[in-house]
file start19.txt (compact mmCIF, C-alpha atoms and all ligand atoms)
# COMPACT_ATOMS: atom_id res chain seq x y z
CA MET Q 17 49.12 127.47 86.10
CA ASP Q 18 48.18 125.30 83.12
CA ASP Q 19 49.16 121.71 84.07
CA LYS Q 20 51.02 121.34 80.76
CA LEU Q 21 53.28 124.27 81.71
CA ARG Q 22 53.93 123.07 85.25
CA PRO Q 23 57.39 121.45 85.53
CA ALA Q 24 57.27 117.67 86.14
CA TYR Q 25 59.48 118.15 89.18
CA PRO Q 26 59.27 120.68 92.00
CA VAL Q 27 61.47 123.75 91.75
CA MET Q 28 63.59 124.84 94.71
CA LYS Q 29 62.85 128.46 95.62
CA ASP Q 30 65.88 130.68 96.25
CA GLU Q 31 64.92 131.20 99.90
CA THR Q 32 64.47 127.44 100.40
CA PHE Q 33 67.88 126.87 98.85
CA ILE Q 34 69.39 129.19 101.50
CA LEU Q 35 67.55 127.38 104.31
CA LEU Q 36 68.61 123.93 103.09
CA ARG Q 37 72.16 125.05 102.31
CA ASP Q 38 72.56 126.52 105.82
CA PHE Q 39 71.03 123.44 107.41
CA ILE Q 40 73.45 121.11 105.58
CA TYR Q 41 76.38 123.38 106.42
CA GLU Q 42 75.47 123.51 110.09
CA HIS Q 43 75.24 119.72 110.32
CA SER Q 44 78.18 118.67 108.14
CA GLY Q 45 80.40 121.61 107.15
CA ILE Q 46 79.55 120.88 103.49
CA TYR Q 47 78.89 124.19 101.80
CA PHE Q 48 76.87 124.74 98.62
CA ALA Q 49 77.83 128.12 97.13
CA ASP Q 50 75.11 130.18 95.38
CA THR Q 51 76.28 128.79 92.03
CA LYS Q 52 75.55 125.23 93.24
CA LYS Q 53 71.79 125.59 93.63
CA GLY Q 54 71.07 123.37 90.61
CA GLN Q 55 73.39 120.70 91.97
CA LEU Q 56 71.70 120.67 95.39
CA GLU Q 57 68.27 120.59 93.76
CA ALA Q 58 69.25 117.58 91.63
CA ARG Q 59 70.79 115.77 94.58
CA LEU Q 60 67.77 116.29 96.84
CA MET Q 61 65.20 115.32 94.23
CA MET Q 62 65.52 111.62 95.15
CA ARG Q 63 65.14 112.42 98.85
CA LEU Q 64 61.97 114.35 98.13
CA ARG Q 65 60.55 111.37 96.26
CA ALA Q 66 61.71 108.86 98.88
CA SER Q 67 60.10 110.97 101.63
CA ASN Q 68 56.91 111.33 99.63
CA LEU Q 69 56.93 115.08 99.96
CA PRO Q 70 55.63 117.48 97.31
CA ASP Q 71 58.23 120.26 97.60
CA TYR Q 72 61.54 121.33 99.10
CA ASP Q 73 59.93 123.55 101.76
CA LYS Q 74 58.13 120.57 103.25
CA TYR Q 75 61.38 118.60 103.07
CA TYR Q 76 63.23 121.35 104.95
CA TYR Q 77 60.57 121.57 107.67
CA MET Q 78 60.62 117.81 108.05
CA LEU Q 79 64.41 117.85 108.54
CA LYS Q 80 64.25 120.75 110.95
CA TYR Q 81 61.25 119.87 113.10
CA ASP Q 82 60.34 116.20 112.75
CA PRO Q 83 61.80 114.31 115.72
CA GLN Q 84 62.10 111.23 113.46
CA ALA Q 85 64.34 113.07 111.00
CA ALA Q 86 67.66 111.66 112.32
CA ARG Q 87 67.50 108.77 109.84
CA GLU Q 88 66.65 111.11 107.00
CA LEU Q 89 69.64 113.24 107.94
CA ARG Q 90 71.97 110.31 107.18
CA ALA Q 91 70.21 109.68 103.86
CA LEU Q 92 70.60 113.38 103.12
CA PHE Q 93 74.35 113.14 103.77
CA ASP Q 94 74.52 110.17 101.38
CA SER Q 95 72.93 112.39 98.72
CA VAL Q 96 75.03 115.50 99.18
CA THR Q 97 78.47 113.88 99.47
CA THR Q 98 80.76 113.17 96.54
CA ASN Q 99 82.41 109.81 97.06
CA GLU Q 100 84.84 109.68 94.16
CA THR Q 101 88.03 107.83 95.05
CA SER Q 102 90.37 105.08 93.84
CA PHE Q 103 93.22 102.84 95.03
CA TYR Q 104 96.65 104.49 94.98
CA ARG Q 105 95.08 107.90 94.32
CA SER Q 106 97.75 110.63 93.90
CA PRO Q 107 100.66 108.14 93.67
CA PRO Q 108 103.41 110.57 94.81
CA GLN Q 109 101.62 110.92 98.17
CA ILE Q 110 101.35 107.15 98.56
CA GLN Q 111 104.99 106.85 97.59
CA ALA Q 112 105.97 109.48 100.19
CA PHE Q 113 103.99 107.55 102.78
CA GLN Q 114 105.59 104.24 101.78
CA GLU Q 115 109.19 105.35 101.31
CA LYS Q 116 109.63 108.23 103.77
CA VAL Q 117 106.90 108.66 106.36
CA LEU Q 118 106.24 105.06 107.35
CA PRO Q 119 109.97 104.11 107.62
CA GLU Q 120 110.58 107.27 109.70
CA LEU Q 121 107.74 106.45 112.07
CA ILE Q 122 108.73 102.79 112.33
CA THR Q 123 112.33 103.68 113.20
CA ARG Q 124 111.22 106.24 115.79
CA ARG Q 125 108.85 103.78 117.44
CA GLU Q 126 111.39 100.96 117.41
CA LYS Q 127 113.95 103.19 119.13
CA LYS Q 128 111.45 103.68 121.93
CA GLY Q 129 110.72 99.96 122.02
CA GLU Q 130 107.08 100.59 121.04
CA ARG Q 131 105.63 98.69 118.13
CA MET Q 132 102.40 100.55 117.65
CA LEU Q 133 101.07 102.72 114.83
CA ARG Q 134 97.75 104.47 114.35
CA LEU Q 135 96.61 105.68 110.93
CA TRP Q 136 93.36 107.47 110.10
CA SER Q 137 91.67 107.89 106.77
CA ALA Q 138 89.20 110.71 107.54
CA GLY Q 139 86.61 110.84 104.74
CA CYS Q 140 87.47 107.33 103.53
CA SER Q 141 84.53 107.04 101.12
CA THR Q 142 84.17 103.48 99.75
CA GLY Q 143 87.44 102.27 101.32
CA GLU Q 144 90.02 102.48 98.55
CA GLU Q 145 92.19 104.93 100.53
CA PRO Q 146 92.40 103.02 103.86
CA TYR Q 147 92.87 99.69 102.05
CA THR Q 148 95.70 101.27 100.04
CA LEU Q 149 97.28 102.26 103.37
CA GLY Q 150 96.81 98.66 104.55
CA ILE Q 151 98.58 97.31 101.46
CA VAL Q 152 101.46 99.76 101.93
CA VAL Q 153 101.81 98.83 105.60
CA LYS Q 154 102.02 95.17 104.61
CA GLU Q 155 104.54 95.93 101.89
CA VAL Q 156 106.77 97.87 104.30
CA LEU Q 157 106.54 95.73 107.44
CA LYS Q 158 106.33 92.38 105.60
CA ASN Q 159 106.77 89.47 108.03
CA ALA Q 160 107.23 91.84 110.97
CA LEU Q 161 103.60 93.04 110.75
CA PRO Q 162 102.26 90.53 113.33
CA ASP Q 163 104.72 91.99 115.88
CA TRP Q 164 103.09 95.40 115.47
CA ASN Q 165 99.96 96.78 117.04
CA MET Q 166 98.64 98.37 113.86
CA ARG Q 167 95.30 100.12 113.54
CA ILE Q 168 93.90 101.89 110.49
CA VAL Q 169 90.74 103.80 111.34
CA ALA Q 170 88.60 104.74 108.35
CA SER Q 171 85.66 107.07 108.84
CA ASP Q 172 83.04 108.79 106.73
CA ILE Q 173 79.72 110.63 107.00
CA SER Q 174 78.16 108.54 104.22
CA GLU Q 175 76.57 105.31 105.44
CA LYS Q 176 76.20 104.16 101.86
CA ALA Q 177 79.93 104.60 101.19
CA LEU Q 178 80.84 102.78 104.41
CA LYS Q 179 78.54 99.91 103.54
CA SER Q 180 80.27 99.57 100.21
CA ALA Q 181 83.70 99.78 101.92
CA LYS Q 182 82.68 96.90 104.19
CA THR Q 183 82.18 94.57 101.21
CA ALA Q 184 85.81 95.32 100.14
CA SER Q 185 84.83 94.35 96.60
CA TYR Q 186 85.92 96.60 93.74
CA SER Q 187 85.60 97.07 90.01
CA GLU Q 188 88.55 97.09 87.64
CA TYR Q 189 88.08 100.88 87.39
CA SER Q 190 88.71 101.42 91.13
CA LEU Q 191 91.96 99.50 90.73
CA ARG Q 192 93.17 101.44 87.70
CA GLY Q 193 96.15 102.92 89.59
CA VAL Q 194 97.22 99.69 91.28
CA PRO Q 195 100.58 98.25 90.13
CA PRO Q 196 99.99 94.81 88.51
CA GLU Q 197 102.07 92.86 91.07
CA ILE Q 198 100.12 94.48 93.94
CA LYS Q 199 96.85 93.65 92.24
CA GLN Q 200 97.93 90.04 92.01
CA ARG Q 201 99.19 89.84 95.57
CA TYR Q 202 96.32 91.51 97.39
CA PHE Q 203 93.12 90.90 95.40
CA ASN Q 204 91.10 87.90 94.31
CA ALA Q 205 89.40 88.30 90.94
CA HIS Q 206 85.87 86.99 91.06
CA ASP Q 207 82.96 87.55 88.62
CA GLY Q 208 84.57 90.65 87.15
CA MET Q 209 85.15 92.15 90.61
CA TYR Q 210 88.23 92.25 92.82
CA GLN Q 211 87.96 91.17 96.44
CA MET Q 212 90.47 92.71 98.83
CA ASN Q 213 92.42 90.05 100.73
CA GLU Q 214 91.27 89.63 104.30
CA ASP Q 215 94.74 90.06 105.75
CA VAL Q 216 94.52 93.68 104.52
CA SER Q 217 90.82 94.37 105.12
CA ARG Q 218 91.08 93.17 108.71
CA LEU Q 219 93.60 95.95 109.45
CA VAL Q 220 90.95 98.55 108.66
CA GLU Q 221 88.32 99.59 111.18
CA LEU Q 222 85.41 101.35 109.47
CA GLN Q 223 83.31 103.79 111.44
CA TYR Q 224 80.63 106.38 110.95
CA LEU Q 225 82.00 109.80 111.88
CA ASN Q 226 80.81 113.25 110.96
CA LEU Q 227 83.82 115.58 111.07
CA SER Q 228 81.40 118.31 112.20
CA ASP Q 229 80.70 116.36 115.34
CA THR Q 230 83.28 118.18 117.48
CA LYS Q 231 82.74 116.04 120.56
CA ARG Q 232 83.26 112.77 118.66
CA VAL Q 233 86.27 114.10 116.77
CA GLN Q 234 87.83 115.18 120.09
CA LEU Q 235 87.95 111.52 121.04
CA MET Q 236 90.09 110.71 118.00
CA LYS Q 237 93.55 110.95 119.54
CA GLY Q 238 97.02 109.45 119.15
CA PHE Q 239 97.31 109.15 115.36
CA ASP Q 240 100.67 108.95 113.61
CA VAL Q 241 99.36 109.73 110.13
CA ILE Q 242 96.05 111.20 108.98
CA PHE Q 243 94.91 111.14 105.38
CA CYS Q 244 92.12 113.68 104.93
CA ARG Q 245 92.28 114.01 101.18
CA ASN Q 246 89.69 115.63 98.94
CA VAL Q 247 87.34 116.23 101.86
CA LEU Q 248 88.14 119.83 102.81
CA ILE Q 249 87.20 121.03 99.32
CA TYR Q 250 83.52 120.62 100.20
CA PHE Q 251 83.75 122.96 103.21
CA ASP Q 252 84.09 126.72 103.53
CA ASP Q 253 87.17 128.32 105.14
CA ALA Q 254 85.60 128.58 108.61
CA ALA Q 255 84.79 124.85 108.67
CA ARG Q 256 88.20 123.99 107.18
CA LYS Q 257 89.95 125.91 109.96
CA ARG Q 258 87.90 124.15 112.61
CA PHE Q 259 88.48 120.66 111.17
CA VAL Q 260 92.18 121.12 110.50
CA SER Q 261 92.77 122.40 114.03
CA GLN Q 262 91.00 119.28 115.35
CA LEU Q 263 93.06 117.03 113.07
CA TYR Q 264 96.18 118.71 114.46
CA ASP Q 265 95.05 117.79 117.98
CA SER Q 266 94.39 114.22 116.84
CA LEU Q 267 98.00 113.74 115.68
CA ASN Q 268 100.93 112.64 117.80
CA HIS Q 269 103.98 114.89 117.79
CA GLY Q 270 106.10 113.87 114.81
CA GLY Q 271 102.95 112.74 112.96
CA TYR Q 272 101.86 113.72 109.44
CA LEU Q 273 98.72 115.01 107.78
CA PHE Q 274 98.13 114.48 104.06
CA ILE Q 275 95.44 116.51 102.32
CA GLY Q 276 94.39 116.28 98.66
CA HIS Q 277 97.17 117.09 96.18
CA SER Q 278 95.19 120.09 94.86
CA GLU Q 279 94.28 121.30 98.37
CA SER Q 280 96.31 123.66 100.54
CA LEU Q 281 96.42 124.79 104.17
CA HIS Q 282 97.33 128.30 103.06
CA ASN Q 283 95.24 130.69 105.21
CA ILE Q 284 93.83 127.68 107.07
CA SER Q 285 96.56 126.67 109.50
CA ARG Q 286 100.14 127.66 110.34
CA ALA Q 287 100.55 125.02 113.00
CA PHE Q 288 102.21 122.41 110.76
CA LYS Q 289 105.67 122.22 109.26
CA LEU Q 290 105.43 121.82 105.50
CA VAL Q 291 107.53 118.85 104.34
CA HIS Q 292 108.43 118.47 100.66
CA PHE Q 293 108.50 114.95 99.21
CA PRO Q 294 109.06 114.20 95.52
CA GLY Q 295 105.83 115.41 93.87
CA ALA Q 296 103.94 115.64 97.16
CA LEU Q 297 103.58 117.71 100.32
CA GLY Q 298 103.10 116.51 103.86
CA TYR Q 299 102.11 118.53 106.92
CA LYS Q 300 104.08 117.55 110.00
CA LYS Q 301 103.16 118.19 113.62
CA GLU Q 302 106.53 118.88 115.24
C1 LIG J 401 85.83 112.77 97.36
S1 LIG J 401 85.74 111.67 98.72
C2 LIG J 401 87.45 111.46 99.09
C3 LIG J 401 87.79 110.03 99.43
C4 LIG J 401 89.27 109.78 99.72
N1 LIG J 401 89.70 110.52 100.88
C5 LIG J 401 90.11 110.14 98.53
O1 LIG J 401 90.79 111.16 98.52
O2 LIG J 401 90.10 109.38 97.55
C6 LIG J 401 85.18 112.76 100.02
C7 LIG J 401 84.58 112.00 101.20
O3 LIG J 401 84.43 112.89 102.31
C8 LIG J 401 83.26 112.54 103.00
N2 LIG J 401 82.79 113.67 103.82
C9 LIG J 401 82.27 114.86 103.40
N3 LIG J 401 81.91 115.60 104.44
C10 LIG J 401 82.21 114.89 105.57
C11 LIG J 401 82.05 115.13 106.97
N4 LIG J 401 81.50 116.24 107.45
N5 LIG J 401 82.46 114.15 107.83
C12 LIG J 401 83.00 113.01 107.37
N6 LIG J 401 83.17 112.72 106.06
C13 LIG J 401 82.77 113.66 105.17
C14 LIG J 401 82.29 112.18 101.87
O4 LIG J 401 81.22 111.38 102.31
C15 LIG J 401 83.20 111.46 100.88
O5 LIG J 401 83.16 110.06 101.04

call {"tool": "encode", "arguments": {"input": "start19.txt", "output": "structure tokens"}}
result
Amino acid sequence: MDDKLRPAYPVMKDETFILLRDFIYEHSGIYFADTKKGQLEARLMMRLRASNLPDYDKYYYMLKYDPQAARELRALFDSVTTNETSFYRSPPQIQAFQEKVLPELITRREKKGERMLRLWSAGCSTGEEPYTLGIVVKEVLKNALPDWNMRIVASDISEKALKSAKTASYSEYSLRGVPPEIKQRYFNAHDGMYQMNEDVSRLVELQYLNLSDTKRVQLMKGFDVIFCRNVLIYFDDAARKRFVSQLYDSLNHGGYLFIGHSESLHNISRAFKLVHFPGALGYKKE
């Protein structure tokens, strides 16, 4: 081919797209439909460059057969995940958590004389969701918080997102849904950024966890509330069914699962009781 006609970037062949798509699916549950070939190509372009490889076939074979590819796998996950999030995302769900779910769980635990709660933000991205839960917990328990054994686990498959979550430093845009008095109470403005107060960030335990890693997910037990919002949309139905059934097992009886407000468990699971809150749905394990 005349060099002038050759594209400046390598083109992903259809058969290589299928190989890469299946590889990513097998390792993460993230599924690129046939219509998403262009998106995958664009997202992997940087990985190709960073790995110094001339085309997507070589990249695939490196992932599949190079024993050193474990590190690249994590970089690949960083490239193929969508990390969009914000504080107080889907406010009716946060309100349901603050005004209904948390008080219900607190009362139940207090009746048993146990002051312990376990929350999990599964697919926490850059931390806005688990830190929102931390703020809400502080708002609800107030001065009683030190008497509680409170743990908020926040996990993600993207190392880059977790690294950013660890800094707990956010732009004005990430805080666009935060009520002004909460912003004042829980953040320190500094050089145009907002630093989450340590008394909230220390409640959150960040960890790397691939929801496809069945054995690791099986160890996640005893949660009272799981937020797994806007994560299932990237999977196909088979992976959704698998993950949701594992999330069910991770919950205590009487615990709640929240999924994204535009997501549904229709045809995915009938194990939960659907609970209607004003403007939001919760899935309860009875
Ligand atoms: C769009 S963000 C949602 C963040 C937050 N839950 C929210 O609703 O604002 C989706 C997150 O799911 C994570 N994710 C995707 N596949 C995953 C998997 N197999 N295991 C763990 N996390 C995954 C992505 O890395 C990303 O950070």

call {"tool": "atom_distance", "arguments": {"input": "start19.txt", "atom1": "CA of Gln200 in chain Q", "atom2": "CA of Leu118 in chain Q"}}
result
23.0 Å

call {"tool": "closest_residue", "arguments": {"input": "start19.txt", "among": "Q:Asn204, Q:Ser285, Q:Ser171, Q:Asn99", "to": "Arg232 in chain Q", "atoms": "all atoms listed in the file"}}
result
Q:Ser171

call {"tool": "closest_residue", "arguments": {"input": "start19.txt", "among": "Q:Gln211, Q:Ser187, Q:Thr32, Q:Gln109", "to": "Gly298 in chain Q", "atoms": "only C-alpha atoms"}}
result
Q:Gln109

call {"tool": "atom_distance", "arguments": {"input": "start19.txt", "atom1": "CA of Thr98 in chain Q", "atom2": "CA of Val216 in chain Q"}}
result
25.2 Å

call {"tool": "residues_near_ligand", "arguments": {"input": "start19.txt", "ligand": "ligand LIG 401 (chain J)", "cutoff": "7 Å", "atoms": "only C-alpha atoms and all ligand atoms", "output": "ChimeraX atom specification"}}
result
/Q:44-46,94,97-102,105,137-142,144-145,171-174,177,225-228,243-247,250,276

call {"tool": "atom_distance", "arguments": {"input": "start19.txt", "atom1": "CA of Pro108 in chain Q", "atom2": "CA of Tyr224 in chain Q"}}
result
28.2 Å

call {"tool": "closest_residue", "arguments": {"input": "start19.txt", "among": "Q:Arg65, Q:Lys29, Q:Lys300, Q:Lys52", "to": "Ile242 in chain Q", "atoms": "only C-alpha atoms"}}
result
Q:Lys300

call {"tool": "residues_around", "arguments": {"input": "start19.txt", "residues": "Leu35 in chain Q", "least_positions_apart": "6", "cutoff": "12 Å", "atoms": "all atoms listed in the file", "output": "list of chain:residue names"}}
result
Q:Met28, Q:Lys29, Q:Tyr41, Q:Glu42, Q:Phe48, Q:Lys53, Q:Leu56, Q:Tyr72, Q:Asp73, Q:Lys74, Q:Tyr75, Q:Tyr76, Q:Tyr77, Q:Leu79, Q:Lys80

call {"tool": "residues_around", "arguments": {"input": "start19.txt", "residues": "Arg87 in chain Q", "least_positions_apart": "6", "cutoff": "12 Å", "atoms": "all atoms listed in the file", "output": "number ranges by chain"}}
result
Q: 63, 67, 78-79, 93-94, 175

call {"tool": "closest_residue", "arguments": {"input": "start19.txt", "among": "Q:Asp240, Q:Asp71, Q:Glu31, Q:Glu88", "to": "Phe274 in chain Q", "atoms": "only C-alpha atoms"}}
result
Q:Asp240

call {"tool": "residues_near_point", "arguments": {"input": "start19.txt", "point": "(108.5, 113.9, 100.9)", "cutoff": "9 Å", "atoms": "only C-alpha atoms", "output": "mmCIF file with C-alpha atoms, keeping the file's coordinate frame"}}
result
data_model
loop_
_atom_site.group_PDB
_atom_site.id
_atom_site.type_symbol
_atom_site.label_atom_id
_atom_site.label_comp_id
_atom_site.auth_asym_id
_atom_site.auth_seq_id
_atom_site.Cartn_x
_atom_site.Cartn_y
_atom_site.Cartn_z
ATOM 1 C CA PRO Q 108 103.410 110.570 94.810
ATOM 2 C CA GLN Q 109 101.620 110.920 98.170
ATOM 3 C CA GLN Q 111 104.990 106.850 97.590
ATOM 4 C CA ALA Q 112 105.970 109.480 100.190
ATOM 5 C CA PHE Q 113 103.990 107.550 102.780
ATOM 6 C CA GLU Q 115 109.190 105.350 101.310
ATOM 7 C CA LYS Q 116 109.630 108.230 103.770
ATOM 8 C CA VAL Q 117 106.900 108.660 106.360
ATOM 9 C CA VAL Q 291 107.530 118.850 104.340
ATOM 10 C CA HIS Q 292 108.430 118.470 100.660
ATOM 11 C CA PHE Q 293 108.500 114.950 99.210
ATOM 12 C CA PRO Q 294 109.060 114.200 95.520
ATOM 13 C CA GLY Q 295 105.830 115.410 93.870
ATOM 14 C CA ALA Q 296 103.940 115.640 97.160
ATOM 15 C CA LEU Q 297 103.580 117.710 100.320
ATOM 16 C CA GLY Q 298 103.100 116.510 103.860
#

call {"tool": "residues_around", "arguments": {"input": "start19.txt", "residues": "Ser217 in chain Q", "least_positions_apart": "4", "cutoff": "9 Å", "atoms": "only C-alpha atoms", "output": "list in words"}}
result
Pro146, Tyr147, Gly150, Lys182, Ala184, Met212, Asn213 and Glu221 of chain Q

call {"tool": "closest_residue", "arguments": {"input": "start19.txt", "among": "Q:Gly193, Q:Asp207, Q:Tyr47, Q:Leu121", "to": "Ala254 in chain Q", "atoms": "all atoms listed in the file"}}
result
Q:Tyr47

call {"tool": "closest_residue", "arguments": {"input": "start19.txt", "among": "Q:Met132, Q:Val96, Q:Gly270, Q:Met62", "to": "Tyr25 in chain Q", "atoms": "only C-alpha atoms"}}
result
Q:Met62

call {"tool": "residues_around", "arguments": {"input": "start19.txt", "residues": "range 155-162 of chain Q", "least_positions_apart": "2", "cutoff": "10 Å", "atoms": "all atoms listed in the file", "output": "list in words"}}
result
Gln114, Glu115, Leu118, Pro119, Ile122, Arg131, Leu149, Gly150, Ile151, Val152, Val153, Trp164, Asn165, Met166 and Ile198 of chain Q

call {"tool": "residues_around", "arguments": {"input": "start19.txt", "residues": "Ile284 in chain Q", "least_positions_apart": "4", "cutoff": "7 Å", "atoms": "all atoms listed in the file", "output": "list in words"}}
result
Asp253, Arg256 and Lys257 of chain Q

call {"tool": "decode", "arguments": {"input": "start19.txt", "residues": "range 83-112 of chain Q", "atoms": "N, CA and C atoms", "output": "PDB file, in the first residue's frame"}}
result
ATOM      1  N   PRO Q  83       3.858 -14.312  29.984  1.00  0.00           N
ATOM      2  CA  PRO Q  83       3.677 -14.507  31.431  1.00  0.00           C
ATOM      3  C   PRO Q  83       3.771 -13.195  32.218  1.00  0.00           C
ATOM      4  N   GLN Q  84       4.371 -12.166  31.595  1.00  0.00           N
ATOM      5  CA  GLN Q  84       4.494 -10.869  32.291  1.00  0.00           C
ATOM      6  C   GLN Q  84       3.256  -9.990  32.106  1.00  0.00           C
ATOM      7  N   ALA Q  85       2.219 -10.527  31.478  1.00  0.00           N
ATOM      8  CA  ALA Q  85       1.112  -9.653  31.056  1.00  0.00           C
ATOM      9  C   ALA Q  85       0.160  -9.245  32.190  1.00  0.00           C
ATOM     10  N   ALA Q  86       0.377  -9.770  33.419  1.00  0.00           N
ATOM     11  CA  ALA Q  86      -0.550  -9.451  34.519  1.00  0.00           C
ATOM     12  C   ALA Q  86      -0.639  -7.939  34.752  1.00  0.00           C
ATOM     13  N   ARG Q  87       0.497  -7.264  34.675  1.00  0.00           N
ATOM     14  CA  ARG Q  87       0.498  -5.805  34.885  1.00  0.00           C
ATOM     15  C   ARG Q  87      -0.274  -5.103  33.775  1.00  0.00           C
ATOM     16  N   GLU Q  88      -0.035  -5.602  32.542  1.00  0.00           N
ATOM     17  CA  GLU Q  88      -0.720  -4.992  31.404  1.00  0.00           C
ATOM     18  C   GLU Q  88      -2.232  -5.186  31.522  1.00  0.00           C
ATOM     19  N   LEU Q  89      -2.624  -6.309  32.111  1.00  0.00           N
ATOM     20  CA  LEU Q  89      -4.049  -6.585  32.266  1.00  0.00           C
ATOM     21  C   LEU Q  89      -4.710  -5.467  33.086  1.00  0.00           C
ATOM     22  N   ARG Q  90      -4.034  -5.031  34.149  1.00  0.00           N
ATOM     23  CA  ARG Q  90      -4.596  -3.959  34.989  1.00  0.00           C
ATOM     24  C   ARG Q  90      -4.671  -2.636  34.223  1.00  0.00           C
ATOM     25  N   ALA Q  91      -3.624  -2.392  33.404  1.00  0.00           N
ATOM     26  CA  ALA Q  91      -3.631  -1.161  32.593  1.00  0.00           C
ATOM     27  C   ALA Q  91      -4.754  -1.242  31.558  1.00  0.00           C
ATOM     28  N   LEU Q  92      -4.973  -2.444  31.060  1.00  0.00           N
ATOM     29  CA  LEU Q  92      -6.062  -2.659  30.099  1.00  0.00           C
ATOM     30  C   LEU Q  92      -7.402  -2.340  30.767  1.00  0.00           C
ATOM     31  N   PHE Q  93      -7.602  -2.820  31.999  1.00  0.00           N
ATOM     32  CA  PHE Q  93      -8.851  -2.543  32.710  1.00  0.00           C
ATOM     33  C   PHE Q  93      -9.034  -1.030  32.903  1.00  0.00           C
ATOM     34  N   ASP Q  94      -7.916  -0.340  33.204  1.00  0.00           N
ATOM     35  CA  ASP Q  94      -8.012   1.126  33.352  1.00  0.00           C
ATOM     36  C   ASP Q  94      -8.547   1.753  32.067  1.00  0.00           C
ATOM     37  N   SER Q  95      -8.128   1.185  30.918  1.00  0.00           N
ATOM     38  CA  SER Q  95      -8.517   1.769  29.631  1.00  0.00           C
ATOM     39  C   SER Q  95      -9.949   1.444  29.236  1.00  0.00           C
ATOM     40  N   VAL Q  96     -10.428   0.266  29.614  1.00  0.00           N
ATOM     41  CA  VAL Q  96     -11.751  -0.126  29.111  1.00  0.00           C
ATOM     42  C   VAL Q  96     -12.894   0.207  30.076  1.00  0.00           C
ATOM     43  N   THR Q  97     -12.565   0.706  31.278  1.00  0.00           N
ATOM     44  CA  THR Q  97     -13.640   1.043  32.218  1.00  0.00           C
ATOM     45  C   THR Q  97     -14.059   2.498  32.044  1.00  0.00           C
ATOM     46  N   THR Q  98     -15.312   2.748  32.367  1.00  0.00           N
ATOM     47  CA  THR Q  98     -15.849   4.109  32.350  1.00  0.00           C
ATOM     48  C   THR Q  98     -16.035   4.498  33.806  1.00  0.00           C
ATOM     49  N   ASN Q  99     -15.365   5.561  34.232  1.00  0.00           N
ATOM     50  CA  ASN Q  99     -15.311   5.861  35.662  1.00  0.00           C
ATOM     51  C   ASN Q  99     -16.177   7.045  36.077  1.00  0.00           C
ATOM     52  N   GLU Q 100     -17.110   7.417  35.223  1.00  0.00           N
ATOM     53  CA  GLU Q 100     -17.929   8.593  35.521  1.00  0.00           C
ATOM     54  C   GLU Q 100     -18.715   8.423  36.833  1.00  0.00           C
ATOM     55  N   THR Q 101     -18.654   9.428  37.670  1.00  0.00           N
ATOM     56  CA  THR Q 101     -19.349   9.372  38.959  1.00  0.00           C
ATOM     57  C   THR Q 101     -19.410  10.781  39.540  1.00  0.00           C
ATOM     58  N   SER Q 102     -20.114  10.954  40.646  1.00  0.00           N
ATOM     59  CA  SER Q 102     -20.115  12.253  41.336  1.00  0.00           C
ATOM     60  C   SER Q 102     -20.669  12.053  42.745  1.00  0.00           C
ATOM     61  N   PHE Q 103     -20.413  13.012  43.615  1.00  0.00           N
ATOM     62  CA  PHE Q 103     -20.983  12.974  44.966  1.00  0.00           C
ATOM     63  C   PHE Q 103     -22.502  13.096  44.861  1.00  0.00           C
ATOM     64  N   TYR Q 104     -23.192  12.437  45.751  1.00  0.00           N
ATOM     65  CA  TYR Q 104     -24.660  12.513  45.839  1.00  0.00           C
ATOM     66  C   TYR Q 104     -25.332  12.180  44.498  1.00  0.00           C
ATOM     67  N   ARG Q 105     -24.736  11.261  43.751  1.00  0.00           N
ATOM     68  CA  ARG Q 105     -25.323  10.864  42.467  1.00  0.00           C
ATOM     69  C   ARG Q 105     -26.687  10.203  42.717  1.00  0.00           C
ATOM     70  N   SER Q 106     -27.655  10.481  41.873  1.00  0.00           N
ATOM     71  CA  SER Q 106     -29.030   9.978  42.035  1.00  0.00           C
ATOM     72  C   SER Q 106     -29.545  10.284  43.443  1.00  0.00           C
ATOM     73  N   PRO Q 107     -29.810  11.568  43.728  1.00  0.00           N
ATOM     74  CA  PRO Q 107     -30.165  11.992  45.094  1.00  0.00           C
ATOM     75  C   PRO Q 107     -31.305  11.203  45.756  1.00  0.00           C
ATOM     76  N   PRO Q 108     -32.369  10.782  45.026  1.00  0.00           N
ATOM     77  CA  PRO Q 108     -33.409  10.035  45.746  1.00  0.00           C
ATOM     78  C   PRO Q 108     -32.889   8.731  46.374  1.00  0.00           C
ATOM     79  N   GLN Q 109     -31.880   8.116  45.752  1.00  0.00           N
ATOM     80  CA  GLN Q 109     -31.317   6.890  46.340  1.00  0.00           C
ATOM     81  C   GLN Q 109     -30.547   7.226  47.619  1.00  0.00           C
ATOM     82  N   ILE Q 110     -29.813   8.325  47.572  1.00  0.00           N
ATOM     83  CA  ILE Q 110     -29.033   8.727  48.752  1.00  0.00           C
ATOM     84  C   ILE Q 110     -29.991   9.119  49.879  1.00  0.00           C
ATOM     85  N   GLN Q 111     -31.076   9.779  49.475  1.00  0.00           N
ATOM     86  CA  GLN Q 111     -32.078  10.169  50.462  1.00  0.00           C
ATOM     87  C   GLN Q 111     -32.736   8.929  51.095  1.00  0.00           C
ATOM     88  N   ALA Q 112     -33.035   7.925  50.263  1.00  0.00           N
ATOM     89  CA  ALA Q 112     -33.631   6.684  50.772  1.00  0.00           C
ATOM     90  C   ALA Q 112     -32.666   6.018  51.757  1.00  0.00           C
TER      91      ALA Q 112
END
